[in-house]
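Okay, so here's the structure we're looking at.
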Amino acid sequence: MRATLAFSLLLATVPLLGQQVTGSDAVTAQYRDPETIERITNRLAGRARESWSTVLAKGDPALTWGSIASFSLLLHECHDAQLTEAEAELLAKRMTESYVSSDAAGKKALAGEWSQMLTALGGGPAARKDTRAKLDARIQAGIDAKAGWARVVRDALDRRAQILQKATAAKPEWANVPGFDASMSTADLDASLEMLYFMWVASGRDPELVTLEGVAAIRAIFLQNFAVLPADLQFALANAQKIYAGLRVLWYTGNANQRANLAVYFSGQLDALGLPDPTGGGSRANQSQSGGDAHAAFDADMVVGLAGSSYKSAW
């Protein structure tokens, strides 16, 4: 297999043939729902992003997007899990359902306890250990009560423990970052695909050209050919959750000029991966990159700003 992968997102005529889009049918359903994918696309394209004060369900206190963001940050801090946009959408829906059906005490807990736990994490190692135990107990209690949000969280954590492939190539220098490893989990593979979609729309390409059939085909290529992929790409896939979260930080917090530079960068990397814009409008980066440099996307530049826990601020 050549270093440059010969696949395209534009595979509308290719049947799924049992191939998966993600490791979860419930998460895949978020991409199939027109309203949900529109929200995700608008966020990733930089056109709209929910405020933490955006109300998901009215009440006293109201359930807000900030409640979901706080929970996502809590998962990052306690379980080193970085949710994709689709996972966050699913969590928001299930937590809203639980909120609506809860009594006053239950509503108060779902709306506010996650931010309280985040605050408690700042109390030192012992406090962090206690907070994680409290979070895990809360998730288990939710599962016992058949709360949809808790099942979503447990499934998300399970996907992060499901190791699909391990990089066998020598670790690139750029991957010598605390927390980066050689194991690609189901969650990493899922994050890598949403990351490609993010790069596609952030670089100004038409989201309507992306099909779930094409995404499933790319997922199969990554999974089945992992061992022969270049080292840079192996380690990028193995750490896709963190890289994708970090790129969203750079994108969400960047000014217009920084976003423009990122858009050009993303377009060039998509071209190098064999994913050109068929309209020619989005491929604004230098086209002279050779096949041997096809995966330069996953070099030091790709992880600028990702050291430590900076990627958590994607939420």
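Chain identifiers are assigned as A, B, and so on, following the order in which chains appear in the structure tokens; residues are numbered from 1 within each chain, and ligands are numbered from 1 in order of appearance.
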
Enumerate the residues of segment 11-136 of chain A with a DSSP assignment of strand (DSSP E), computed from the backbone, and present them as a short mmCIF file (atom, residue, chain, number, x, y, z; two decimals) with N, CA and C atoms, in the first residue's frame.
data_model
loop_
_atom_site.label_atom_id
_atom_site.label_comp_id
_atom_site.auth_asym_id
_atom_site.auth_seq_id
_atom_site.Cartn_x
_atom_site.Cartn_y
_atom_site.Cartn_z
N VAL A 55 -30.09 27.43 26.84
CA VAL A 55 -31.00 26.60 27.62
C VAL A 55 -31.45 25.39 26.80
N LEU A 56 -31.24 24.20 27.38
CA LEU A 56 -31.69 22.95 26.76
C LEU A 56 -33.06 22.55 27.29
N ALA A 57 -33.33 22.86 28.54
CA ALA A 57 -34.62 22.56 29.15
C ALA A 57 -34.88 23.58 30.26
N LEU A 63 -31.50 23.48 32.69
CA LEU A 63 -30.41 22.68 32.14
C LEU A 63 -29.87 23.43 30.94
N THR A 64 -28.59 23.71 30.94
CA THR A 64 -27.97 24.51 29.88
C THR A 64 -26.88 23.73 29.16
#

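By chain and then residue number, the residues within 9 Å of segment 128-140 of chain A are Leu74, Leu75, Glu77, Cys78, His79, Trp114, Met117, Leu118, Ala120, Leu121, Gly122, Gly123, Gly124, Pro125, Ile143, Asp144, Ala145, Trp149, Ala150, Arg151, Val153 and Arg154 of chain A, counting only C-alpha atoms and disregarding those fewer than 3 positions away in sequence.
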
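Rounded to one decimal, atom CA of Ala105 of chain A and atom CA of Lys93 of chain A lie 19.6 Å from each other.
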
Between atom CA of Leu247 of chain A and atom CA of Leu262 of chain A, measure the distance and give it in Å to one decimal. 9.2 Å

Running DSSP on the backbone, which parts of segment 77-147 of chain A land in helix (DSSP H, G or I), as a ChimeraX atom specification? /A:77-79,85-101,104-123,125-144

Residues within 12 Å of Thr36 of chain A, only C-alpha atoms, excluding chain neighbours under 6 positions, as a PyMOL selection string: chain A and resi 27-30+42-43+85-90+92-93

File of the preceding selection, N, CA and C atoms, as a PDB file, in the first residue's frame:
ATOM      1  N   VAL A  27     -24.389   6.928  18.333  1.00  0.00           N
ATOM      2  CA  VAL A  27     -23.584   8.060  17.889  1.00  0.00           C
ATOM      3  C   VAL A  27     -23.746   8.261  16.388  1.00  0.00           C
ATOM      4  N   THR A  28     -23.731   7.174  15.640  1.00  0.00           N
ATOM      5  CA  THR A  28     -23.939   7.275  14.194  1.00  0.00           C
ATOM      6  C   THR A  28     -25.262   7.959  13.880  1.00  0.00           C
ATOM      7  N   ALA A  29     -26.278   7.684  14.685  1.00  0.00           N
ATOM      8  CA  ALA A  29     -27.600   8.280  14.470  1.00  0.00           C
ATOM      9  C   ALA A  29     -27.553   9.805  14.537  1.00  0.00           C
ATOM     10  N   GLN A  30     -26.592  10.352  15.273  1.00  0.00           N
ATOM     11  CA  GLN A  30     -26.481  11.815  15.362  1.00  0.00           C
ATOM     12  C   GLN A  30     -26.077  12.401  14.008  1.00  0.00           C
ATOM     13  N   ASN A  42     -22.288  23.563  11.697  1.00  0.00           N
ATOM     14  CA  ASN A  42     -22.172  25.004  11.961  1.00  0.00           C
ATOM     15  C   ASN A  42     -21.103  25.294  13.000  1.00  0.00           C
ATOM     16  N   ARG A  43     -21.015  24.443  14.039  1.00  0.00           N
ATOM     17  CA  ARG A  43     -19.968  24.640  15.042  1.00  0.00           C
ATOM     18  C   ARG A  43     -18.590  24.444  14.424  1.00  0.00           C
ATOM     19  N   GLU A  85     -18.079  15.898  18.914  1.00  0.00           N
ATOM     20  CA  GLU A  85     -19.293  16.712  18.854  1.00  0.00           C
ATOM     21  C   GLU A  85     -20.540  15.820  18.826  1.00  0.00           C
ATOM     22  N   ALA A  86     -20.473  14.710  18.113  1.00  0.00           N
ATOM     23  CA  ALA A  86     -21.622  13.805  18.040  1.00  0.00           C
ATOM     24  C   ALA A  86     -21.899  13.166  19.394  1.00  0.00           C
ATOM     25  N   GLU A  87     -20.856  12.790  20.116  1.00  0.00           N
ATOM     26  CA  GLU A  87     -21.056  12.220  21.447  1.00  0.00           C
ATOM     27  C   GLU A  87     -21.667  13.247  22.390  1.00  0.00           C
ATOM     28  N   ALA A  88     -21.223  14.488  22.298  1.00  0.00           N
ATOM     29  CA  ALA A  88     -21.783  15.544  23.140  1.00  0.00           C
ATOM     30  C   ALA A  88     -23.250  15.794  22.809  1.00  0.00           C
ATOM     31  N   GLU A  89     -23.590  15.744  21.531  1.00  0.00           N
ATOM     32  CA  GLU A  89     -24.983  15.908  21.125  1.00  0.00           C
ATOM     33  C   GLU A  89     -25.855  14.798  21.716  1.00  0.00           C
ATOM     34  N   LEU A  90     -25.370  13.560  21.647  1.00  0.00           N
ATOM     35  CA  LEU A  90     -26.120  12.440  22.204  1.00  0.00           C
ATOM     36  C   LEU A  90     -26.270  12.584  23.713  1.00  0.00           C
ATOM     37  N   ALA A  92     -26.254  15.356  25.424  1.00  0.00           N
ATOM     38  CA  ALA A  92     -27.179  16.457  25.685  1.00  0.00           C
ATOM     39  C   ALA A  92     -28.633  16.003  25.554  1.00  0.00           C
ATOM     40  N   LYS A  93     -28.913  15.206  24.540  1.00  0.00           N
ATOM     41  CA  LYS A  93     -30.284  14.724  24.339  1.00  0.00           C
ATOM     42  C   LYS A  93     -30.730  13.831  25.484  1.00  0.00           C
TER      43      LYS A  93
END
